[in-house]
>>> print(open('entry_27.cif').read())   # mmCIF, C-alpha atoms
data_structure
loop_
_atom_site.group_PDB
_atom_site.id
_atom_site.type_symbol
_atom_site.label_atom_id
_atom_site.label_comp_id
_atom_site.auth_asym_id
_atom_site.auth_seq_id
_atom_site.Cartn_x
_atom_site.Cartn_y
_atom_site.Cartn_z
ATOM 1 C CA MET I 1 -20.338 28.806 54.321
ATOM 2 C CA PHE I 2 -23.671 27.180 53.507
ATOM 3 C CA SER I 3 -26.197 28.304 50.928
ATOM 4 C CA LYS I 4 -29.620 29.004 52.400
ATOM 5 C CA ILE I 5 -31.290 27.068 49.593
ATOM 6 C CA GLN I 6 -28.923 24.104 49.494
ATOM 7 C CA THR I 7 -30.590 22.041 52.177
ATOM 8 C CA THR I 8 -31.381 18.378 52.234
ATOM 9 C CA LYS I 9 -34.311 16.419 53.637
ATOM 10 C CA SER I 10 -33.428 12.748 53.782
ATOM 11 C CA THR I 11 -35.585 10.147 52.048
ATOM 12 C CA GLU I 12 -34.146 7.399 54.246
ATOM 13 C CA ASN I 13 -36.672 5.204 56.076
ATOM 14 C CA PHE I 14 -37.819 6.863 59.320
ATOM 15 C CA SER I 15 -37.269 3.728 61.412
ATOM 16 C CA ASP I 16 -33.788 3.260 60.006
ATOM 17 C CA LYS I 17 -32.897 6.827 60.901
ATOM 18 C CA ILE I 18 -34.001 6.274 64.502
ATOM 19 C CA LYS I 19 -31.785 3.176 64.642
ATOM 20 C CA ARG I 20 -28.885 5.183 63.252
ATOM 21 C CA LEU I 21 -29.440 7.865 65.875
ATOM 22 C CA LYS I 22 -29.514 5.303 68.674
ATOM 23 C CA ASN I 23 -26.255 3.849 67.395
ATOM 24 C CA GLU I 24 -24.652 7.286 67.353
ATOM 25 C CA ILE I 25 -25.769 7.973 70.923
ATOM 26 C CA ASP I 26 -24.304 4.611 71.963
ATOM 27 C CA THR I 27 -20.985 4.928 70.136
ATOM 28 C CA ALA I 28 -20.122 8.632 70.061
ATOM 29 C CA ASP I 29 -17.103 9.743 72.071
ATOM 30 C CA ALA I 30 -19.018 12.871 73.080
ATOM 31 C CA ILE I 31 -22.478 14.376 72.610
ATOM 32 C CA VAL I 32 -23.382 18.047 72.371
ATOM 33 C CA ILE I 33 -27.095 18.643 72.865
ATOM 34 C CA GLY I 34 -28.498 21.834 71.383
ATOM 35 C CA ALA I 35 -32.019 22.440 72.674
ATOM 36 C CA GLY I 36 -34.591 25.005 71.618
ATOM 37 C CA ALA I 37 -38.187 25.828 72.461
ATOM 38 C CA GLY I 38 -39.494 22.814 70.535
ATOM 39 C CA LEU I 39 -38.221 20.504 73.278
ATOM 40 C CA SER I 40 -40.353 22.229 75.914
ATOM 41 C CA VAL I 41 -43.349 22.326 73.571
ATOM 42 C CA SER I 42 -42.977 18.563 73.158
ATOM 43 C CA ALA I 43 -42.974 18.324 76.958
ATOM 44 C CA GLY I 44 -46.384 20.017 77.034
ATOM 45 C CA PHE I 45 -45.334 23.563 77.867
ATOM 46 C CA ASP I 46 -47.150 25.317 75.047
ATOM 47 C CA TYR I 47 -47.435 29.111 75.300
ATOM 48 C CA SER I 48 -50.781 29.363 73.513
ATOM 49 C CA GLY I 49 -54.130 27.612 73.298
ATOM 50 C CA GLU I 50 -55.744 25.891 76.267
ATOM 51 C CA ARG I 51 -52.746 26.262 78.546
ATOM 52 C CA PHE I 52 -52.627 30.023 77.965
ATOM 53 C CA GLU I 53 -56.352 30.392 78.592
ATOM 54 C CA ARG I 54 -56.105 28.336 81.783
ATOM 55 C CA TYR I 55 -53.675 30.770 83.397
ATOM 56 C CA PHE I 56 -54.167 34.065 81.571
ATOM 57 C CA SER I 57 -57.805 34.343 80.458
ATOM 58 C CA ASP I 58 -58.153 37.579 82.441
ATOM 59 C CA PHE I 59 -55.173 39.134 80.650
ATOM 60 C CA HIS I 60 -56.613 37.968 77.335
ATOM 61 C CA LYS I 61 -59.951 39.585 78.114
ATOM 62 C CA LYS I 62 -58.539 42.900 79.351
ATOM 63 C CA TYR I 63 -55.518 43.403 77.059
ATOM 64 C CA GLY I 64 -56.256 41.184 74.055
ATOM 65 C CA ILE I 65 -53.084 39.158 74.669
ATOM 66 C CA THR I 66 -53.296 35.823 72.850
ATOM 67 C CA ASP I 67 -50.223 33.878 74.035
ATOM 68 C CA MET I 68 -47.625 33.845 76.803
ATOM 69 C CA TYR I 69 -44.787 34.938 74.545
ATOM 70 C CA SER I 70 -46.399 38.172 73.361
ATOM 71 C CA GLY I 71 -47.669 38.904 76.863
ATOM 72 C CA GLY I 72 -44.112 39.388 78.017
ATOM 73 C CA PHE I 73 -43.680 42.279 75.546
ATOM 74 C CA TYR I 74 -47.002 44.018 76.209
ATOM 75 C CA PRO I 75 -46.548 47.735 77.149
ATOM 76 C CA TYR I 76 -48.219 47.611 80.563
ATOM 77 C CA GLU I 77 -48.936 51.055 81.974
ATOM 78 C CA THR I 78 -47.660 50.279 85.471
ATOM 79 C CA LEU I 79 -45.049 48.081 87.107
ATOM 80 C CA GLU I 80 -47.824 46.635 89.252
ATOM 81 C CA GLU I 81 -49.409 45.228 86.075
ATOM 82 C CA TYR I 82 -46.059 44.221 84.561
ATOM 83 C CA TRP I 83 -45.131 42.146 87.599
ATOM 84 C CA ALA I 84 -48.608 40.654 87.915
ATOM 85 C CA TRP I 85 -48.094 39.212 84.451
ATOM 86 C CA TRP I 86 -44.515 38.133 84.953
ATOM 87 C CA SER I 87 -44.957 36.621 88.421
ATOM 88 C CA ARG I 88 -47.738 34.418 87.121
ATOM 89 C CA HIS I 89 -45.766 33.574 83.981
ATOM 90 C CA ILE I 90 -42.684 32.606 85.990
ATOM 91 C CA LEU I 91 -44.715 30.543 88.431
ATOM 92 C CA VAL I 92 -46.437 28.371 85.810
ATOM 93 C CA ASN I 93 -43.403 27.989 83.540
ATOM 94 C CA ARG I 94 -40.550 27.724 86.060
ATOM 95 C CA TYR I 95 -41.599 26.797 89.584
ATOM 96 C CA ASP I 96 -45.036 25.165 89.632
ATOM 97 C CA CYS I 97 -44.885 23.003 86.508
ATOM 98 C CA PRO I 98 -43.915 19.324 86.259
ATOM 99 C CA VAL I 99 -40.662 18.061 84.801
ATOM 100 C CA GLY I 100 -41.289 17.160 81.167
ATOM 101 C CA LYS I 101 -40.887 13.512 80.209
ATOM 102 C CA PRO I 102 -38.752 14.298 77.127
ATOM 103 C CA TYR I 103 -36.188 15.899 79.446
ATOM 104 C CA ARG I 104 -36.162 12.860 81.721
ATOM 105 C CA ASP I 105 -35.840 10.526 78.733
ATOM 106 C CA LEU I 106 -33.016 12.585 77.277
ATOM 107 C CA LEU I 107 -31.083 12.352 80.541
ATOM 108 C CA GLU I 108 -31.648 8.601 80.617
ATOM 109 C CA LEU I 109 -30.130 8.323 77.139
ATOM 110 C CA VAL I 110 -26.998 10.374 77.804
ATOM 111 C CA LYS I 111 -26.361 10.057 81.557
ATOM 112 C CA ASP I 112 -23.464 7.632 81.061
ATOM 113 C CA LYS I 113 -21.975 9.553 78.139
ATOM 114 C CA ASP I 114 -19.580 12.481 77.995
ATOM 115 C CA TYR I 115 -22.049 15.227 77.068
ATOM 116 C CA PHE I 116 -22.775 18.936 77.282
ATOM 117 C CA VAL I 117 -26.004 20.913 76.817
ATOM 118 C CA LEU I 118 -26.282 24.235 75.008
ATOM 119 C CA THR I 119 -29.791 25.664 75.236
ATOM 120 C CA THR I 120 -31.740 28.801 74.464
ATOM 121 C CA ASN I 121 -34.540 27.653 76.790
ATOM 122 C CA VAL I 122 -35.059 29.658 79.982
ATOM 123 C CA ASP I 123 -37.511 27.428 81.871
ATOM 124 C CA HIS I 124 -34.973 25.469 83.983
ATOM 125 C CA GLN I 125 -36.297 22.103 82.774
ATOM 126 C CA PHE I 126 -32.819 20.644 82.321
ATOM 127 C CA GLN I 127 -31.812 21.380 85.904
ATOM 128 C CA ARG I 128 -35.116 20.154 87.298
ATOM 129 C CA ALA I 129 -34.812 16.919 85.309
ATOM 130 C CA GLY I 130 -31.485 16.232 86.997
ATOM 131 C CA PHE I 131 -28.907 17.414 84.469
ATOM 132 C CA PRO I 132 -25.792 18.566 86.393
ATOM 133 C CA LYS I 133 -25.335 22.329 86.293
ATOM 134 C CA ASN I 134 -21.713 21.982 85.207
ATOM 135 C CA ARG I 135 -22.898 20.353 81.952
ATOM 136 C CA LEU I 136 -25.302 23.178 81.035
ATOM 137 C CA PHE I 137 -24.981 26.507 79.285
ATOM 138 C CA TYR I 138 -28.294 28.344 79.053
ATOM 139 C CA THR I 139 -27.316 31.304 76.923
ATOM 140 C CA GLN I 140 -30.493 33.389 76.955
ATOM 141 C CA GLY I 141 -31.161 33.725 80.676
ATOM 142 C CA ASP I 142 -33.431 32.087 83.234
ATOM 143 C CA TYR I 143 -36.981 32.783 84.381
ATOM 144 C CA GLY I 144 -35.703 32.294 87.925
ATOM 145 C CA LEU I 145 -33.347 35.283 87.782
ATOM 146 C CA TRP I 146 -33.740 39.063 87.894
ATOM 147 C CA GLN I 147 -31.302 41.790 86.987
ATOM 148 C CA CYS I 148 -31.134 45.571 87.113
ATOM 149 C CA SER I 149 -33.183 47.042 84.253
ATOM 150 C CA LYS I 150 -30.331 49.475 83.595
ATOM 151 C CA SER I 151 -27.734 46.676 83.907
ATOM 152 C CA CYS I 152 -25.738 48.896 86.233
ATOM 153 C CA HIS I 153 -23.819 45.850 87.471
ATOM 154 C CA ASP I 154 -23.254 42.287 86.256
ATOM 155 C CA LYS I 155 -25.112 40.315 88.877
ATOM 156 C CA THR I 156 -28.387 38.384 88.862
ATOM 157 C CA TYR I 157 -30.764 37.569 91.708
ATOM 158 C CA ASP I 158 -32.933 34.548 92.536
ATOM 159 C CA ASN I 159 -36.595 35.527 92.479
ATOM 160 C CA GLU I 160 -38.670 32.585 93.738
ATOM 161 C CA GLU I 161 -39.639 33.950 97.160
ATOM 162 C CA VAL I 162 -40.811 37.324 95.835
ATOM 163 C CA VAL I 163 -42.462 35.804 92.758
ATOM 164 C CA ARG I 164 -44.589 33.544 94.948
ATOM 165 C CA ALA I 165 -45.607 36.522 97.086
ATOM 166 C CA MET I 166 -46.518 38.522 93.957
ATOM 167 C CA ALA I 167 -48.619 35.688 92.558
ATOM 168 C CA GLU I 168 -50.399 35.136 95.850
ATOM 169 C CA GLN I 169 -51.140 38.780 96.611
ATOM 170 C CA GLN I 170 -52.053 40.143 93.171
ATOM 171 C CA LYS I 171 -55.573 41.434 92.625
ATOM 172 C CA ASP I 172 -57.217 42.738 89.440
ATOM 173 C CA MET I 173 -54.012 41.907 87.552
ATOM 174 C CA LYS I 174 -51.852 44.101 89.786
ATOM 175 C CA ILE I 175 -49.377 43.309 92.543
ATOM 176 C CA PRO I 176 -48.982 45.422 95.697
ATOM 177 C CA THR I 177 -46.671 48.367 95.050
ATOM 178 C CA ALA I 178 -44.474 47.336 97.964
ATOM 179 C CA LEU I 179 -43.509 44.149 96.131
ATOM 180 C CA ILE I 180 -42.058 45.889 93.059
ATOM 181 C CA PRO I 181 -38.380 44.789 93.015
ATOM 182 C CA LYS I 182 -35.702 47.479 92.924
ATOM 183 C CA CYS I 183 -32.024 47.225 92.108
ATOM 184 C CA PRO I 184 -30.023 47.089 95.369
ATOM 185 C CA VAL I 185 -27.233 49.123 93.749
ATOM 186 C CA CYS I 186 -28.864 51.989 91.818
ATOM 187 C CA GLY I 187 -32.511 51.735 92.864
ATOM 188 C CA ALA I 188 -33.851 51.294 89.335
ATOM 189 C CA PRO I 189 -36.620 48.719 88.775
ATOM 190 C CA MET I 190 -35.468 45.156 88.360
ATOM 191 C CA THR I 191 -36.351 43.220 85.214
ATOM 192 C CA MET I 192 -36.169 39.679 83.885
ATOM 193 C CA ASN I 193 -32.753 38.209 83.118
ATOM 194 C CA LEU I 194 -33.750 37.339 79.551
ATOM 195 C CA ARG I 195 -31.850 38.247 76.407
ATOM 196 C CA CYS I 196 -34.252 40.682 74.752
ATOM 197 C CA ASP I 197 -31.882 43.599 74.065
ATOM 198 C CA ASP I 198 -28.412 44.907 74.868
ATOM 199 C CA THR I 199 -29.211 45.355 78.572
ATOM 200 C CA PHE I 200 -29.013 41.586 79.195
ATOM 201 C CA VAL I 201 -26.663 40.818 82.089
ATOM 202 C CA GLN I 202 -24.114 38.042 81.621
ATOM 203 C CA ASP I 203 -23.078 37.315 85.195
ATOM 204 C CA ALA I 204 -20.162 35.270 86.536
ATOM 205 C CA GLY I 205 -22.181 32.048 86.254
ATOM 206 C CA TRP I 206 -22.947 32.789 82.583
ATOM 207 C CA TYR I 207 -19.260 33.248 81.747
ATOM 208 C CA ALA I 208 -18.251 30.149 83.705
ATOM 209 C CA ALA I 209 -20.771 28.056 81.736
ATOM 210 C CA ALA I 210 -19.605 29.596 78.446
ATOM 211 C CA ASN I 211 -16.013 28.663 79.280
ATOM 212 C CA ARG I 212 -16.994 25.082 80.146
ATOM 213 C CA TYR I 213 -18.832 24.755 76.828
ATOM 214 C CA GLU I 214 -15.908 26.148 74.842
ATOM 215 C CA ASP I 215 -13.529 23.809 76.659
ATOM 216 C CA PHE I 216 -15.764 20.813 75.913
ATOM 217 C CA ILE I 217 -15.865 21.697 72.208
ATOM 218 C CA ARG I 218 -12.102 22.227 72.113
ATOM 219 C CA ARG I 219 -11.340 18.902 73.799
ATOM 220 C CA HIS I 220 -13.550 16.974 71.372
ATOM 221 C CA SER I 221 -12.879 18.944 68.184
ATOM 222 C CA ASN I 222 -11.390 15.909 66.423
ATOM 223 C CA SER I 223 -13.450 13.202 68.126
ATOM 224 C CA HIS I 224 -16.422 11.148 67.028
ATOM 225 C CA ILE I 225 -18.883 13.743 68.303
ATOM 226 C CA LEU I 226 -22.663 13.795 67.948
ATOM 227 C CA PHE I 227 -24.294 17.209 67.597
ATOM 228 C CA LEU I 228 -27.875 16.492 68.687
ATOM 229 C CA GLU I 229 -30.199 19.375 67.854
ATOM 230 C CA LEU I 230 -33.665 19.260 69.450
ATOM 231 C CA GLY I 231 -36.484 21.657 68.622
ATOM 232 C CA VAL I 232 -34.355 24.531 67.376
ATOM 233 C CA GLY I 233 -36.113 27.012 65.110
ATOM 234 C CA MET I 234 -34.871 29.941 63.064
ATOM 235 C CA ASN I 235 -35.302 32.709 65.669
ATOM 236 C CA THR I 236 -31.676 32.440 66.791
ATOM 237 C CA PRO I 237 -29.940 29.961 64.438
ATOM 238 C CA VAL I 238 -26.518 31.508 65.093
ATOM 239 C CA ILE I 239 -26.472 30.077 68.630
ATOM 240 C CA ILE I 240 -27.032 26.372 67.923
ATOM 241 C CA LYS I 241 -27.988 25.413 64.374
ATOM 242 C CA TYR I 242 -25.352 27.185 62.294
ATOM 243 C CA PRO I 243 -22.436 26.367 64.630
ATOM 244 C CA PHE I 244 -23.510 22.702 64.706
ATOM 245 C CA TRP I 245 -23.518 22.623 60.896
ATOM 246 C CA GLN I 246 -20.104 24.280 60.732
ATOM 247 C CA MET I 247 -18.466 22.052 63.340
ATOM 248 C CA THR I 248 -19.843 18.967 61.596
ATOM 249 C CA ALA I 249 -18.423 20.141 58.274
ATOM 250 C CA HIS I 250 -14.992 20.670 59.833
ATOM 251 C CA ASN I 251 -14.812 17.210 61.430
ATOM 252 C CA SER I 252 -15.224 14.139 59.241
ATOM 253 C CA LYS I 253 -15.939 12.009 62.333
ATOM 254 C CA ALA I 254 -18.776 14.264 63.529
ATOM 255 C CA VAL I 255 -22.479 13.524 63.064
ATOM 256 C CA TYR I 256 -25.261 16.107 63.038
ATOM 257 C CA ALA I 257 -28.721 14.936 64.145
ATOM 258 C CA CYS I 258 -31.792 17.153 64.012
ATOM 259 C CA ILE I 259 -35.198 16.328 65.498
ATOM 260 C CA ASN I 260 -37.901 18.880 64.817
ATOM 261 C CA LEU I 261 -41.665 18.647 64.591
ATOM 262 C CA ARG I 262 -41.960 20.705 61.404
ATOM 263 C CA GLU I 263 -38.593 21.410 59.800
ATOM 264 C CA SER I 264 -35.734 18.937 60.013
ATOM 265 C CA TYR I 265 -33.038 19.443 57.403
ATOM 266 C CA CYS I 266 -29.345 20.018 56.832
ATOM 267 C CA PRO I 267 -27.106 21.599 54.184
ATOM 268 C CA ASN I 268 -26.096 19.393 51.266
ATOM 269 C CA GLU I 269 -22.471 19.754 52.334
ATOM 270 C CA ILE I 270 -23.027 17.627 55.465
ATOM 271 C CA ALA I 271 -25.874 15.380 54.249
ATOM 272 C CA SER I 272 -23.743 12.232 54.457
ATOM 273 C CA GLN I 273 -22.956 13.032 58.118
ATOM 274 C CA SER I 274 -26.510 13.905 59.125
ATOM 275 C CA ILE I 275 -29.649 12.306 60.521
ATOM 276 C CA CYS I 276 -32.778 14.439 60.094
ATOM 277 C CA LEU I 277 -35.944 13.307 61.839
ATOM 278 C CA GLN I 278 -39.190 15.213 61.435
ATOM 279 C CA GLY I 279 -41.604 14.382 64.245
ATOM 280 C CA ASP I 280 -42.424 14.873 67.907
ATOM 281 C CA ILE I 281 -39.229 14.968 69.964
ATOM 282 C CA GLY I 282 -40.760 13.247 72.971
ATOM 283 C CA SER I 283 -42.104 10.378 70.907
ATOM 284 C CA ILE I 284 -38.779 9.827 69.153
ATOM 285 C CA LEU I 285 -36.799 9.907 72.394
ATOM 286 C CA ASN I 286 -39.270 7.484 73.954
ATOM 287 C CA THR I 287 -38.854 5.136 70.971
ATOM 288 C CA ILE I 288 -35.094 5.125 71.496
ATOM 289 C CA ILE I 289 -35.591 4.501 75.224
ATOM 290 C CA GLU I 290 -37.803 1.507 74.416
ATOM 291 C CA MET I 291 -35.130 0.166 72.058
ATOM 292 C CA GLU I 292 -32.709 0.245 74.992
ATOM 293 C CA ARG I 293 -34.889 -2.092 77.056
ATOM 294 C CA PRO I 294 -34.573 -5.844 76.613
ATOM 295 C CA SER I 295 -37.543 -7.608 75.069
ATOM 296 C CA ASP I 296 -39.563 -10.032 77.210
ATOM 297 C CA LEU I 297 -39.225 -12.513 74.364
ATOM 298 C CA GLU I 298 -35.459 -12.597 74.524
#
>>> encode(input="entry_27.cif", output="structure tokens")
Amino acid sequence: MFSKIQTTKSTENFSDKIKRLKNEIDTADAIVIGAGAGLSVSAGFDYSGERFERYFSDFHKKYGITDMYSGGFYPYETLEEYWAWWSRHILVNRYDCPVGKPYRDLLELVKDKDYFVLTTNVDHQFQRAGFPKNRLFYTQGDYGLWQCSKSCHDKTYDNEEVVRAMAEQQKDMKIPTALIPKCPVCGAPMTMNLRCDDTFVQDAGWYAAANRYEDFIRRHSNSHILFLELGVGMNTPVIIKYPFWQMTAHNSKAVYACINLRESYCPNEIASQSICLQGDIGSILNTIIEMERPSDLE
């Protein structure tokens, strides 16, 4: 529908665009939030640099791993090593990390609106910030869930208790063999419930969330709806970015807003319905929050 080269970057004043976005948040009949990894990066959860070295310097030294993302794909020789990595990764990115301020600010902005969240993030930040579960669809999995590595059945399992034991008891980048999780149905090793290949398990909760999202979109298909895209890159544009563009094009009352640190743009076909802001998501959300508060001079 859209040409890859026919994209528009607005020349409108940055401050004016923030005001327009605030007005859309205030007046929209419904808001669909599409969140990618850039939102968590803005919250301080970077997978490289100082934060990586703080938690994984030993893995860097032994294996040459340079960031948390690539570490998840490293071909570890044993499951003891694999789960030493993943237990630590889950702990620092899911259970023992603070709630990011951008997530709290986002909830403050939309809490009284009719909204729904579609996200490719797997770090549980939305839930921990207080977003109701029935308004969330996290399509790519959750660090807090395991599944059978052979996907022999469509069920996922909470992992916090075992993950904490793994992290506490690991030595020399290996967990005790007795802690290796096994599928309760077929006995195969468990693995992360993350969409990396065609073995990803979509359990009953996944389908229930998908149905709620589809119902929300259907009910508001002809409404004044704001598609608010936050930190979405081009790794999986078919999940959030492209559908947001298409739904905006099909509804003259819809508005597409994109906030991205490096690339914020839209197709020419929906330029008049779009607000593109290039900058830090957290800073922009905080600016809108401050605009909500009455001035002491008033």
>>> residues_around(input="entry_27.cif", residues="Leu136 (chain I)", least_positions_apart="6", cutoff="9 Å", atoms="all atoms listed in the file", output="list in words")
Phe116, Val117, Leu118, Thr119, Phe126, Gln127, Ala209, Ala210, Arg212 and Tyr213 of chain I
>>> closest_residue(input="entry_27.cif", among="I:Ala84, I:Leu228, I:Val99, I:Cys266", to="Leu179 (chain I)", atoms="only C-alpha atoms")
I:Ala84
>>> resolve_selection(input="entry_27.cif", expression="the PyMOL selection byres ((chain I and resi 284) around 12)", output="number ranges by chain")
I: 14-15, 17-19, 21-22, 39, 42, 101-102, 105-106, 109, 230, 258-261, 276-283, 285-291
>>> residues_around(input="entry_27.cif", residues="Ile180 (chain I)", least_positions_apart="4", cutoff="12 Å", atoms="all atoms listed in the file", output="list of chain:residue names")
I:Thr78, I:Leu79, I:Glu80, I:Glu81, I:Tyr82, I:Trp83, I:Ala84, I:Trp86, I:Ser87, I:Trp146, I:Asn159, I:Val162, I:Val163, I:Ala165, I:Met166, I:Gln170, I:Lys174, I:Ile175, I:Pro176, I:Gly187, I:Ala188, I:Pro189, I:Met190, I:Thr191
>>> atom_distance(input="entry_27.cif", atom1="CA of Arg94 (chain I)", atom2="CA of Glu160 (chain I)")
9.3 Å
>>> atom_distance(input="entry_27.cif", atom1="CA of Ala28 (chain I)", atom2="CA of His224 (chain I)")
5.4 Å
>>> residues_around(input="entry_27.cif", residues="Trp206 (chain I)", least_positions_apart="2", cutoff="8 Å", atoms="all atoms listed in the file", output="JSON, numbers by chain")
{"I": [137, 138, 139, 202, 203, 204, 208, 209, 210]}
>>> residues_around(input="entry_27.cif", residues="region 242-249 of chain I", least_positions_apart="5", cutoff="8 Å", atoms="all atoms listed in the file", output="PyMOL selection string")
chain I and resi 1+227+237+254-256+266-267+269-270+273
>>> atom_distance(input="entry_27.cif", atom1="CA of Ser223 (chain I)", atom2="CA of Lys253 (chain I)")
6.4 Å
>>> decode(input="entry_27.cif", residues="region 38-87 of chain I", atoms="C-alpha atoms", output="mmCIF file, in the first residue's frame")
data_model
loop_
_atom_site.group_PDB
_atom_site.id
_atom_site.type_symbol
_atom_site.label_atom_id
_atom_site.label_comp_id
_atom_site.auth_asym_id
_atom_site.auth_seq_id
_atom_site.Cartn_x
_atom_site.Cartn_y
_atom_site.Cartn_z
ATOM 1 C CA GLY I 38 12.878 2.014 22.268
ATOM 2 C CA LEU I 39 10.458 2.660 25.133
ATOM 3 C CA SER I 40 12.426 0.412 27.487
ATOM 4 C CA VAL I 41 15.727 1.879 26.291
ATOM 5 C CA SER I 42 14.358 5.319 27.163
ATOM 6 C CA ALA I 43 13.519 3.920 30.603
ATOM 7 C CA GLY I 44 17.188 3.024 31.096
ATOM 8 C CA PHE I 45 17.079 -0.668 30.241
ATOM 9 C CA ASP I 46 19.859 -0.688 27.673
ATOM 10 C CA TYR I 47 21.187 -4.104 26.622
ATOM 11 C CA SER I 48 24.748 -2.944 25.967
ATOM 12 C CA GLY I 49 27.408 -0.676 27.419
ATOM 13 C CA GLU I 50 27.813 -0.108 31.147
ATOM 14 C CA ARG I 51 24.661 -1.964 32.118
ATOM 15 C CA PHE I 52 25.771 -5.072 30.220
ATOM 16 C CA GLU I 53 29.233 -4.969 31.770
ATOM 17 C CA ARG I 54 27.756 -4.546 35.249
ATOM 18 C CA TYR I 55 25.875 -7.841 35.066
ATOM 19 C CA PHE I 56 27.669 -9.895 32.421
ATOM 20 C CA SER I 57 31.374 -8.990 32.440
ATOM 21 C CA ASP I 58 32.250 -12.634 33.137
ATOM 22 C CA PHE I 59 30.282 -13.809 30.095
ATOM 23 C CA HIS I 60 31.953 -11.101 28.023
ATOM 24 C CA LYS I 61 35.390 -12.241 29.141
ATOM 25 C CA LYS I 62 34.793 -15.967 28.616
ATOM 26 C CA TYR I 63 32.580 -16.005 25.498
ATOM 27 C CA GLY I 64 33.224 -12.627 23.864
ATOM 28 C CA ILE I 65 29.541 -11.685 24.172
ATOM 29 C CA THR I 66 29.127 -7.918 23.827
ATOM 30 C CA ASP I 67 25.446 -7.271 24.639
ATOM 31 C CA MET I 68 22.450 -8.901 26.309
ATOM 32 C CA TYR I 69 20.574 -9.442 23.064
ATOM 33 C CA SER I 70 23.268 -11.505 21.347
ATOM 34 C CA GLY I 71 23.964 -13.402 24.561
ATOM 35 C CA GLY I 72 20.549 -14.984 24.328
ATOM 36 C CA PHE I 73 21.491 -16.579 20.979
ATOM 37 C CA TYR I 74 24.973 -17.781 21.947
ATOM 38 C CA PRO I 75 25.449 -21.558 21.307
ATOM 39 C CA TYR I 76 26.287 -22.584 24.872
ATOM 40 C CA GLU I 77 27.683 -26.099 25.100
ATOM 41 C CA THR I 78 25.559 -27.133 28.079
ATOM 42 C CA LEU I 79 22.144 -26.366 29.522
ATOM 43 C CA GLU I 80 23.881 -25.476 32.775
ATOM 44 C CA GLU I 81 25.590 -22.586 30.954
ATOM 45 C CA TYR I 82 22.469 -21.677 28.963
ATOM 46 C CA TRP I 83 20.381 -21.300 32.109
ATOM 47 C CA ALA I 84 23.129 -19.462 33.976
ATOM 48 C CA TRP I 85 22.924 -16.812 31.279
ATOM 49 C CA TRP I 86 19.161 -16.738 31.025
ATOM 50 C CA SER I 87 18.432 -16.785 34.764
#
